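Presented below is the structure to which this report refers.
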Amino acid sequence: MTFLVIFLVLVVVCAFSFFAMYNKLIGLRNIVRNSWSQIDVQLKRRFDLIPNLVETAKGYMKHESETFIKVTEARAQAMSAINKGDVKEVGAAAANLDSALAKMMLTFENYPELKANQNFLSLQEELTSTENKVAFARQAYNDSVLSYNNAVEMFPTNILANMFNFKKSDFFEIEEKSEKQAPKVTF
């Protein structure tokens with residue numbers, strides 16, 4: 001009789017442990033998905049601001065069309081990557097867009113009348129704020145991916161992860177080596 005009680009207690013404990021680990025994996029996977037959607041929201045906001053910024057600047061900078069074309073193309077590439085949902089492709093496209101935007105902002109420095117325009121200043125501030133939000137969302141996403149991937153790979157949850165086909169998530173990383181380097185400032 002005592003053996004039966006001990007056996008039943010062990011079965012119940014194992015069952016609760018199984019359900020707790022499974023629910024933990026589900027919860028962590030959902031946190032990763034939510035974190036990705038936060039990046040998606042901020043990138044969408046960024047993509048919505050860029051055409052307004054470009055159109056405002058075009059009036060002042062008629063001969064800088066190559067810069068605007070590169071920004072527009074990079075934006076389209078990034079939007080396409082987001083629609084596909086591939087984290088690595090979005091990372092590469094975002095790095096390309098970051099580079100194009102940086103070049104555009106450097107070009108703006110040569111136009112004092114543009115920098116004094118209130119619409120431009122407002123749009124530039126919105127874009128800067130959005131860039132900060134994108135950076136924070138990327139960090140939160142990568143933190144979520146780290147927790148999830150740890151659970152998928154560590155014992156004993158890795159057993160359940162393999163049984164129920166939980167796969168590791170990709171980190172949001174910069175693929176371009178030039179994007180990882182600090183910019184050179186010279187006077």
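Going through the structure tokens in order, the chains are called A, B, and so on, while each chain numbers its residues from 1 and the ligands are numbered from 1 in the order shown.
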
Each residue of range 114-162 of chain A with at least one atom at most 12 Å from range 27-48 of chain A should appear once, together with its nearest atom pair and the corresponding distance in Å (one decimal); atoms considered: only C-alpha atoms; ordering: chain, then increasing residue number; output as JSON lines.
{"residue": "A:Leu123", "atom": "CA", "partner": "A:Arg46", "partner_atom": "CA", "distance": 10.5}
{"residue": "A:Gln124", "atom": "CA", "partner": "A:Arg46", "partner_atom": "CA", "distance": 10.9}
{"residue": "A:Glu125", "atom": "CA", "partner": "A:Arg46", "partner_atom": "CA", "distance": 11.6}
{"residue": "A:Glu126", "atom": "CA", "partner": "A:Arg46", "partner_atom": "CA", "distance": 8.7}
{"residue": "A:Leu127", "atom": "CA", "partner": "A:Arg46", "partner_atom": "CA", "distance": 6.4}
{"residue": "A:Thr128", "atom": "CA", "partner": "A:Arg46", "partner_atom": "CA", "distance": 9.3}
{"residue": "A:Ser129", "atom": "CA", "partner": "A:Arg46", "partner_atom": "CA", "distance": 9.5}
{"residue": "A:Thr130", "atom": "CA", "partner": "A:Arg46", "partner_atom": "CA", "distance": 6.1}
{"residue": "A:Glu131", "atom": "CA", "partner": "A:Arg46", "partner_atom": "CA", "distance": 7.4}
{"residue": "A:Asn132", "atom": "CA", "partner": "A:Gln42", "partner_atom": "CA", "distance": 9.5}
{"residue": "A:Lys133", "atom": "CA", "partner": "A:Gln42", "partner_atom": "CA", "distance": 6.6}
{"residue": "A:Val134", "atom": "CA", "partner": "A:Gln42", "partner_atom": "CA", "distance": 5.6}
{"residue": "A:Ala135", "atom": "CA", "partner": "A:Ile39", "partner_atom": "CA", "distance": 8.6}
{"residue": "A:Phe136", "atom": "CA", "partner": "A:Ile39", "partner_atom": "CA", "distance": 8.7}
{"residue": "A:Ala137", "atom": "CA", "partner": "A:Ile39", "partner_atom": "CA", "distance": 5.2}
{"residue": "A:Arg138", "atom": "CA", "partner": "A:Ile39", "partner_atom": "CA", "distance": 6.3}
{"residue": "A:Gln139", "atom": "CA", "partner": "A:Ser35", "partner_atom": "CA", "distance": 9.2}
{"residue": "A:Ala140", "atom": "CA", "partner": "A:Ser35", "partner_atom": "CA", "distance": 6.4}
{"residue": "A:Tyr141", "atom": "CA", "partner": "A:Ser35", "partner_atom": "CA", "distance": 4.7}
{"residue": "A:Asn142", "atom": "CA", "partner": "A:Val32", "partner_atom": "CA", "distance": 8.3}
{"residue": "A:Asp143", "atom": "CA", "partner": "A:Val32", "partner_atom": "CA", "distance": 8.7}
{"residue": "A:Ser144", "atom": "CA", "partner": "A:Val32", "partner_atom": "CA", "distance": 5.2}
{"residue": "A:Val145", "atom": "CA", "partner": "A:Val32", "partner_atom": "CA", "distance": 5.8}
{"residue": "A:Leu146", "atom": "CA", "partner": "A:Val32", "partner_atom": "CA", "distance": 9.2}
{"residue": "A:Ser147", "atom": "CA", "partner": "A:Leu28", "partner_atom": "CA", "distance": 7.1}
{"residue": "A:Tyr148", "atom": "CA", "partner": "A:Leu28", "partner_atom": "CA", "distance": 5.2}
{"residue": "A:Asn149", "atom": "CA", "partner": "A:Leu28", "partner_atom": "CA", "distance": 8.9}
{"residue": "A:Asn150", "atom": "CA", "partner": "A:Leu28", "partner_atom": "CA", "distance": 10.0}
{"residue": "A:Ala151", "atom": "CA", "partner": "A:Leu28", "partner_atom": "CA", "distance": 8.2}
{"residue": "A:Val152", "atom": "CA", "partner": "A:Leu28", "partner_atom": "CA", "distance": 9.6}
{"residue": "A:Thr157", "atom": "CA", "partner": "A:Leu28", "partner_atom": "CA", "distance": 11.8}
{"residue": "A:Ala161", "atom": "CA", "partner": "A:Arg29", "partner_atom": "CA", "distance": 11.0}

Range 12-22 of chain A: which residues within 8 Å, counting only C-alpha atoms, same-chain residues fewer than 2 positions away excluded, as an MDAnalysis selection string? chainID A and resid 8:10 24:26 157 160:161

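Among the candidates A:Asn23, A:Thr107, A:Asn165, A:Ser122, the residue lying nearest to Glu66 in chain A is A:Thr107 (atoms considered: only C-alpha atoms).
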
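Minimum distance to Thr67 in chain A across A:Met1, A:Val90, A:Asp98, A:Met105 (counting only C-alpha atoms) occurs at A:Met105.
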
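Distances here use only C-alpha atoms; by that measure, the residue among A:Ala100, A:Met154, A:Val54, A:Ala92 closest to Lys70 in chain A is A:Ala100.
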
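The gap separating CA of Lys103 in chain A from CA of Asn117 in chain A is 19.5 Å, in Å to one decimal.
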
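Comparing the minimum interatomic distances between Met79 in chain A and each of A:Phe108, A:Leu97, A:Thr56, A:Ser65, counting only C-alpha atoms, we find that A:Leu97 sits nearest.
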
Selection: 9 Å around range 86-88 of chain A, only C-alpha atoms, excl. self and same-chain fewer than 3 positions, as a list in words: Trp36, Ala81, Ile82, Asn83, Gly91, Ala92, Ala93, Ser169, Asp170, Phe171, Phe172, Glu173, Ile174 and Glu175 of chain A

Can you write just those residues out, C-alpha atoms, as a CSV table (one decimal), in the first residue's frame?
chain,number,residue,atom,x,y,z
A,36,TRP,CA,9.2,40.4,-32.5
A,81,ALA,CA,11.9,41.4,-45.6
A,82,ILE,CA,9.4,42.3,-42.8
A,83,ASN,CA,6.6,40.8,-44.9
A,91,GLY,CA,18.4,42.3,-39.8
A,92,ALA,CA,20.3,42.7,-43.1
A,93,ALA,CA,17.7,45.0,-44.6
A,169,SER,CA,14.8,31.3,-32.6
A,170,ASP,CA,17.2,33.5,-34.4
A,171,PHE,CA,18.8,36.5,-32.8
A,172,PHE,CA,18.3,39.9,-34.5
A,173,GLU,CA,21.9,40.5,-35.5
A,174,ILE,CA,23.8,42.9,-37.8
A,175,GLU,CA,25.2,41.0,-40.7
